[in-house]
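Below: one structure, written as structure tokens.
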Amino acid sequence: MTLTEDPSTATPDAPAKEVGSARLRKEDARLITGKTTWTDNMVLPGMLYMSVLRSPIAHATISNLDVSAAKDRPNVVAVYTGQDFKDEQGSIPCAWPVTPDMVNPGHPSIAVDSVNHVGEAVAIVVARSRTAAVDAVEAIDVDYEPLPVVLDMEEAVKEGSALVHDHTESNTSYHFVFDAGEAGTGTDTDAAFDAAEVVVSRRFVQQRLIPAFMEPRSVVVGVTGDNYTLWSATQIPHILRVMAALTTGIPEHKLRVIAPDVGGGFGGKLQVNPEEILALLIARRLGKPIKWTETRSESLMTAHHGRDQVQFIDVAADREGNVKGLRVRLLADMGAYLRLITPGVPALGAFMFPGIYKFPAYRFECDGVFTNKVPTDAYRGAGRPEATFAIERIMDELAVELSMDPMELRRKNWINAEEFPFTTVAGLSYDSGDYEQATQAALELLGYDELRAEQARRRESGDPVQLGIGISTFTEMCGLAPSRVLGSLSFGAGGWEQASIRMLPTGKVEVVTGSTPHGQGHETAWSQIVADELGVPFDDVEVLHGDTAVSARGLDTYGSRSLVVGGTAVVKAAEKVVAKARKVAAHLLEASEDDLEFSGGRFSVKGTPGAGLAIQEIALAIFASHDYPEGIEPSIDAEAAFDPTNFSFPHGTHLCAMEVDTDTGFVKIRKYACVDDIGNIVNPIIVEGQMHGGLAQGISQALYEEAIYDADGNLTTGTFVDYLVPSAMDLPHFDTGNTTHAAPDNPLGAKGVGEAGCIASTPAVVNAALDAVRHLGVKDILMPMTPERVWRAIHQGGDGGARAAEGSNAYGGARTTESGIEEAAK
Amino acid sequence: MTQINVRVDGASYSDDVEPRTLLVHYLREQLGKVGTVVGCDTSNCGACTVHLDGESVKSCTVLAVQADGSEVTTIEGVADGATLHPVQKAFHEQHGLQCGYCTPGMIMASIDLLKNNPDPSEHEIREGIEGNLCRCTGYQNIVKAVQQAAGEMSSAGAHSVETTGAQA
């Protein structure tokens, strides 16, 4: 369903618009026929293959490392250890020092003296074939002296805890504070809590997740003289180029980065990976092309993880349900090192905990904590799912405390439609929306009243299968980001985006974008935008991206920024093309520029029917340049950079109806309905697809996924056998809809859709399960809500006790903590 | 090394392979059939699904030597020239793919599913593609694509006449 009028409808006066129409994707032709350019498909003459020996110990010094036997294996060209690169590998860069005194212990690409998490690179074999390299890794001999393993954040921050890094004073990397009272965006938080009639406090756990993009990471480095080309399965070719140049010392102008077809990212490929740096260093040393492609097990163990926070959240309110204050304290697991934006993820979330509600007072504190695990970093939503989960969960808890309907409590406190733009207690300016409208549409889509009635019937009859309805009324900040705001948050880059448009002599159009897709459909959506702006056929537009030699400037794809920022840059470039073409058209038509109208790709002279030139004709004329105005350059090509002035704020209402089998603990989503306002929609098919995918990942956090480490720091969910990426059988049908309030801060009116489903859905699912069984004494159910955890919560009370908290091996990985072993032995 | 003779996407090949070589690695590394991809190392994801003598298999769980004397069809061989297979066409028309990495395996599994059950229910489709993981789509549009293909294949009884050049 949609509440939007179809803008694609042509009328006699206005030609059909591409923007808003359900164009099928250009990208598909190669993807459905296997004519793809994944990095691992690449073969270069003389290419060598690298395989990495990884630490099986979470924390240890390396006392002996003998690679001589591996060097003697057939077809092995070289074997390297950290000693070989210690003077040139630098540190994997961290671009977000969230506080001036943040401790960054440095992140070697390959371990030199010690290892700090299982999976850290210890040695590398370079061989003529993939199999020869893998075989020779087996012949490397390493002795480790184990050190105490730090895994639990709440223990790690205690005085006297063992240290992850012996050269730091504690395991705390930083203490980040946002206090609305101090910032002048709110009142004093302590005073609000002191005066409050009701305070509800909870501890929530955001479990560790693995992005689990389907295409494993892969790197190929080509060498031509002192020029290097790095193909990588990355979301960020432009950022990677800068960072790899700074890290390796290869001059930036001697390094080209190409992201060919990239098989998903979800934040997991928003990284400068150790293996990218190592492949460059080895290619430089050997003067030969190098390939590295990870196995899935390597990927799960060593590519960065996401989430992993312990959240302490307090909400203050009066008895009538008016919220008075919000206090958040986080422990955020950094893992062993700081990668590209590791410390920034929880800091980004800091501004979203107040959600859509009018809190007068707000204070946020976060400790970034080192543990002997693989680093965390961006995963779909990056900070905002964590914030949304906490606020949407505690609003339900407050409703229970006040014996209020959870939707009524939300309605009482949310920002009303007429209050936009609204400056929040966190200092953000929410751009547009109507929470009531989206909510009404979602309630209808779900069939809320009928399901509430069924819930009452089941409860009354004591049905073993109970029904619950979970609510999540959310907003998020998208369109990362205004460069000055990023600067004020100490982020190491801006948030602009670049586009250029080349008008080819045959009338075809090339669009170069700095935004780089890995499944989002940029080639299609950008073609739609340019087709409308220039009045050229959709099929005559080619979108080029992902190659720093083609797309010289760009800041890549993450944070639901592509359309909002990158798409706007395309619009701006197109406007410049039209402005330049107008001068040429005026000259050729012997008319004043002011007398020219541009519509449907054609300049015409007002009042002179028939006199006109198509933009393609102007492109050819300026290519020949035999006759063009004095004082202009012979080109109508144009380039534009766009720096947004504000974030955009999609919002929506997500409703989950959940059946909980109280006998087995098995949960089943009966119906999932959501209505999202993402501003204007360029392509409804792509939008719906993004929503579906986001929902799948958000629901999966609630129900299935968790990266589990055992007591020694081994990842026990290190394969797809143990880390549950949901199949088609594990997910429900989604009923999605949209309301449309255009974003006022960009000409497309778009807000961003890539992360919405993932951010909104997790609390809706957990709230639904709790709504089904709260009357049985259940207080909380940890994520993922495995049948064991649900069953224990129902039958053992509260949140199910220690065994539930320690994790379940129902889906694979086992924690094998000491108490767990003891209890299991009973 | 062991010699194998295998027909892949209509062409015959004769090669020496290490006995331990997996079919997927033989296809990718020796034949250059890189349309078929590797997504995991535990046979969970199904990205490498191909047809071996008409049956869908995960080519990471078949040794190349086991394919000796067999006929293999990969994603590169299912279209009839420029005419897409109805399942390929349906994945495009129903937006059943985003990044496209799982797509070759998903299409090959779906073709096999429809061969065995020409008119599957939504539940049967979900069950039928359970061995293939997708991280992008949430599966809903994949299910719709298989439903569309089922309808077209049963009504047409033959491949559609849409061509790759006229997809958009």
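Following the order of the structure tokens, chains are lettered A, B, ..., residues in each are numbered from 1, and ligands are numbered from 1.
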Specify as a PyMOL selection string all residues of chain B found within 8 Å of chain A, counting only C-alpha atoms.
-> chain B and resi 28+34-36+38-42+44-45+75-76+79+88+91-93+95+97-104+107+123+126-127+129-141+164+167-168
Got time to write the residues from that selection, N, CA and C atoms, as a compact mmCIF listing (two decimals), in the first residue's frame?
```
# COMPACT_ATOMS: atom_id res chain seq x y z
N ARG B 28 35.49 -22.46 -11.56
CA ARG B 28 35.96 -21.08 -11.50
C ARG B 28 37.40 -20.94 -11.99
N VAL B 34 33.27 -18.09 -13.83
CA VAL B 34 33.24 -17.33 -12.59
C VAL B 34 31.84 -16.77 -12.27
N GLY B 35 30.87 -17.09 -13.11
CA GLY B 35 29.49 -16.73 -12.76
C GLY B 35 29.02 -17.48 -11.53
N THR B 36 29.57 -18.67 -11.32
CA THR B 36 29.28 -19.45 -10.13
C THR B 36 30.26 -19.04 -9.04
N VAL B 38 31.57 -18.64 -4.71
CA VAL B 38 31.74 -19.31 -3.42
C VAL B 38 31.32 -18.34 -2.32
N GLY B 39 30.41 -18.78 -1.46
CA GLY B 39 29.97 -17.88 -0.40
C GLY B 39 30.30 -18.37 1.00
N CYS B 40 30.62 -19.65 1.13
CA CYS B 40 30.93 -20.15 2.47
C CYS B 40 31.86 -21.35 2.34
N ASP B 41 32.16 -21.98 3.47
CA ASP B 41 33.02 -23.15 3.42
C ASP B 41 32.40 -24.32 4.17
N THR B 42 31.09 -24.25 4.36
CA THR B 42 30.41 -25.31 5.10
C THR B 42 29.15 -25.79 4.38
N ASN B 44 26.56 -24.23 3.52
CA ASN B 44 25.32 -23.66 4.04
C ASN B 44 24.66 -22.68 3.09
N CYS B 45 25.46 -21.93 2.31
CA CYS B 45 24.90 -20.74 1.67
C CYS B 45 24.31 -21.01 0.30
N ILE B 75 24.94 -21.04 -14.05
CA ILE B 75 24.12 -19.85 -14.32
C ILE B 75 24.44 -19.29 -15.71
N GLU B 76 25.66 -19.53 -16.17
CA GLU B 76 26.05 -18.99 -17.48
C GLU B 76 25.43 -19.77 -18.62
N ALA B 79 20.34 -19.48 -19.85
CA ALA B 79 19.61 -18.70 -20.85
C ALA B 79 19.79 -19.37 -22.21
N GLN B 88 15.24 -16.53 -14.47
CA GLN B 88 16.11 -15.33 -14.53
C GLN B 88 15.26 -14.08 -14.74
N PHE B 91 13.34 -13.13 -11.60
CA PHE B 91 14.18 -12.48 -10.57
C PHE B 91 14.37 -11.01 -10.91
N HIS B 92 14.55 -10.72 -12.18
CA HIS B 92 14.69 -9.32 -12.60
C HIS B 92 13.38 -8.56 -12.39
N GLU B 93 12.29 -9.13 -12.84
CA GLU B 93 11.03 -8.38 -12.83
C GLU B 93 10.44 -8.23 -11.44
N HIS B 95 12.37 -7.96 -8.72
CA HIS B 95 13.43 -7.40 -7.87
C HIS B 95 13.88 -8.43 -6.83
N LEU B 97 16.69 -9.67 -6.42
CA LEU B 97 18.12 -9.63 -6.12
C LEU B 97 18.53 -8.18 -5.84
N GLN B 98 19.53 -8.04 -5.02
CA GLN B 98 20.11 -6.71 -4.80
C GLN B 98 21.60 -6.75 -5.16
N CYS B 99 22.44 -7.25 -4.25
CA CYS B 99 23.86 -7.30 -4.62
C CYS B 99 24.12 -8.36 -5.67
N GLY B 100 23.29 -9.39 -5.70
CA GLY B 100 23.38 -10.38 -6.76
C GLY B 100 24.35 -11.52 -6.49
N TYR B 101 24.96 -11.54 -5.32
CA TYR B 101 25.98 -12.58 -5.10
C TYR B 101 25.35 -13.96 -4.90
N CYS B 102 24.23 -14.00 -4.21
CA CYS B 102 23.56 -15.29 -4.01
C CYS B 102 22.77 -15.71 -5.23
N THR B 103 22.56 -14.77 -6.16
CA THR B 103 21.59 -14.95 -7.24
C THR B 103 21.87 -16.16 -8.14
N PRO B 104 23.10 -16.40 -8.58
CA PRO B 104 23.31 -17.58 -9.42
C PRO B 104 22.84 -18.87 -8.74
N ILE B 107 18.96 -18.85 -8.34
CA ILE B 107 18.25 -19.15 -9.60
C ILE B 107 18.37 -20.64 -9.92
N HIS B 123 4.88 -21.48 1.10
CA HIS B 123 5.61 -22.27 2.08
C HIS B 123 6.57 -23.25 1.39
N ARG B 126 9.57 -21.35 0.08
CA ARG B 126 10.51 -21.01 1.17
C ARG B 126 11.29 -22.25 1.62
N GLU B 127 10.58 -23.36 1.71
CA GLU B 127 11.25 -24.60 2.10
C GLU B 127 12.24 -25.04 1.03
N ILE B 129 13.97 -23.29 -1.09
CA ILE B 129 15.20 -22.51 -1.24
C ILE B 129 15.89 -22.29 0.10
N GLU B 130 15.50 -23.11 1.08
CA GLU B 130 16.05 -22.95 2.43
C GLU B 130 17.56 -23.11 2.47
N GLY B 131 18.08 -23.90 1.53
CA GLY B 131 19.52 -24.14 1.50
C GLY B 131 20.32 -23.05 0.81
N ASN B 132 19.66 -21.98 0.45
CA ASN B 132 20.35 -20.87 -0.21
C ASN B 132 20.14 -19.60 0.60
N LEU B 133 21.23 -18.98 1.03
CA LEU B 133 21.13 -17.79 1.87
C LEU B 133 21.25 -16.52 1.04
N CYS B 134 20.41 -15.56 1.39
CA CYS B 134 20.48 -14.22 0.81
C CYS B 134 20.52 -13.25 1.97
N ARG B 135 21.41 -12.28 1.93
CA ARG B 135 21.51 -11.31 3.02
C ARG B 135 20.84 -9.99 2.67
N CYS B 136 20.45 -9.83 1.38
CA CYS B 136 19.95 -8.52 0.95
C CYS B 136 18.43 -8.40 0.94
N THR B 137 17.74 -9.42 0.47
CA THR B 137 16.34 -9.23 0.05
C THR B 137 15.31 -9.57 1.10
N GLY B 138 15.69 -10.31 2.14
CA GLY B 138 14.67 -10.80 3.07
C GLY B 138 13.76 -11.84 2.44
N TYR B 139 14.11 -12.28 1.23
CA TYR B 139 13.50 -13.41 0.50
C TYR B 139 12.13 -13.14 -0.11
N GLN B 140 11.43 -12.10 0.33
CA GLN B 140 10.04 -11.94 -0.11
C GLN B 140 9.95 -11.82 -1.64
N ASN B 141 10.83 -11.04 -2.21
CA ASN B 141 10.78 -10.87 -3.65
C ASN B 141 11.34 -12.07 -4.39
N THR B 164 17.52 -10.55 -23.27
CA THR B 164 18.33 -9.80 -22.32
C THR B 164 18.44 -8.35 -22.74
N GLN B 167 15.34 -5.86 -21.28
CA GLN B 167 14.87 -6.12 -19.93
C GLN B 167 14.31 -4.91 -19.23
N ALA B 168 14.93 -3.77 -19.48
CA ALA B 168 14.56 -2.61 -18.67
C ALA B 168 13.18 -2.13 -19.06
```
Enumerate, as a list of chain:residue names, the complete set of residues in stretch 556-642 of chain A that a backbone-based DSSP assignment places in strand (DSSP E).
->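 Those residues are A:Leu596, A:Glu597, A:Phe598, A:Ser599, A:Arg602, A:Phe603, A:Ser604, A:Val605, A:Gly612, A:Leu613, A:Ala614, A:Ala638, A:Glu639, A:Ala640, A:Ala641, A:Phe642.
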Find the residues around B:Glu55 up to 9 Å (only C-alpha atoms counted), leave out those fewer than 4 positions away in its own chain, and share them as a list of chain:residue names.
-> B:Val50, B:His51, B:Asp112
Write the residues of the preceding selection, restricted to C-alpha atoms, as a compact mmCIF listing (two decimals), in the first residue's frame.
```txt
# COMPACT_ATOMS: atom_id res chain seq x y z
CA VAL B 50 24.76 -25.71 -10.24
CA HIS B 51 22.99 -28.55 -11.98
CA ASP B 112 15.35 -27.30 -9.76
```
Would you mind listing what lies within 8 Å of stretch 347-361 of chain A as a VMD selection string, with only C-alpha atoms counted and same-chain residues fewer than 3 positions away left out?
-> chain A and resid 98 176 178 180 to 181 186 to 189 192 323 to 326 328 343 to 344 364 366 382 to 388 390 to 391 410 413 to 415 424 to 428 473 to 477
Return the single residue from A:Leu555, A:Ile210, A:Leu163, A:Val177 that is closest to A:Leu715, with distances computed using only C-alpha atoms.
->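 Counting only C-alpha atoms, the residue closest to A:Leu715 is A:Ile210.
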In Å, how far is it from atom CA of A:Ala552 to atom CA of A:Ile529?
->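 A separation of 21.1 Å between them.
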For stretch 64-66 of chain B, work out the shell of residues within 8 Å, counting only C-alpha atoms and skipping chain neighbours fewer than 4 positions away, then give it as a list in words.
-> Thr2, Gln3, Ile4, Val17, Pro19, Arg20, Thr21, Leu22, Leu23, Val24 and Tyr26 of chain B
Just the selected residues (C-alpha atoms), exported as a compact mmCIF listing (two decimals), in the first residue's frame, please.
```txt
# COMPACT_ATOMS: atom_id res chain seq x y z
CA THR B 2 43.24 -37.36 -12.40
CA GLN B 3 41.82 -36.83 -15.84
CA ILE B 4 38.17 -35.90 -16.11
CA VAL B 17 42.61 -32.14 -11.72
CA PRO B 19 41.55 -35.38 -6.72
CA ARG B 20 40.80 -32.99 -3.86
CA THR B 21 39.61 -30.23 -6.19
CA LEU B 22 36.04 -29.17 -5.55
CA LEU B 23 33.75 -28.83 -8.54
CA VAL B 24 33.24 -25.12 -7.82
CA TYR B 26 37.35 -26.45 -11.07
```
Identify all residues of stretch 26-120 of chain B in helix (DSSP H, G or I) (DSSP on the backbone) and supply them as a PyMOL selection string.
-> chain B and resi 26-30+64-67+75-77+86-93+103-116
Writer output for current selection, C-alpha atoms, as a short mmCIF file (atom, residue, chain, number, x, y, z; two decimals), in the first residue's frame:
```
data_model
loop_
_atom_site.label_atom_id
_atom_site.label_comp_id
_atom_site.auth_asym_id
_atom_site.auth_seq_id
_atom_site.Cartn_x
_atom_site.Cartn_y
_atom_site.Cartn_z
CA TYR B 26 37.35 -26.45 -11.07
CA LEU B 27 34.57 -24.41 -12.67
CA ARG B 28 35.96 -21.08 -11.50
CA GLU B 29 39.70 -21.55 -11.65
CA GLN B 30 40.21 -23.98 -14.52
CA ALA B 64 35.52 -32.33 -9.65
CA VAL B 65 36.37 -36.00 -10.20
CA GLN B 66 32.81 -36.93 -9.27
CA ALA B 67 31.63 -34.86 -12.22
CA ILE B 75 24.12 -19.85 -14.32
CA GLU B 76 26.05 -18.99 -17.48
CA GLY B 77 24.29 -21.76 -19.36
CA PRO B 86 11.83 -17.62 -17.05
CA VAL B 87 13.37 -17.83 -13.59
CA GLN B 88 16.11 -15.33 -14.53
CA LYS B 89 13.50 -13.04 -16.02
CA ALA B 90 11.30 -13.33 -12.94
CA PHE B 91 14.18 -12.48 -10.57
CA HIS B 92 14.69 -9.32 -12.60
CA GLU B 93 11.03 -8.38 -12.83
CA THR B 103 21.59 -14.95 -7.24
CA PRO B 104 23.31 -17.58 -9.42
CA GLY B 105 22.79 -20.23 -6.77
CA MET B 106 19.33 -18.98 -5.94
CA ILE B 107 18.25 -19.15 -9.60
CA MET B 108 19.74 -22.62 -10.07
CA ALA B 109 18.03 -23.89 -6.92
CA SER B 110 14.74 -22.31 -7.98
CA ILE B 111 14.85 -23.93 -11.41
CA ASP B 112 15.35 -27.30 -9.76
CA LEU B 113 12.57 -26.58 -7.28
CA LEU B 114 10.14 -25.81 -10.10
CA LYS B 115 11.19 -28.91 -12.00
CA ASN B 116 10.18 -31.02 -9.01
#
```
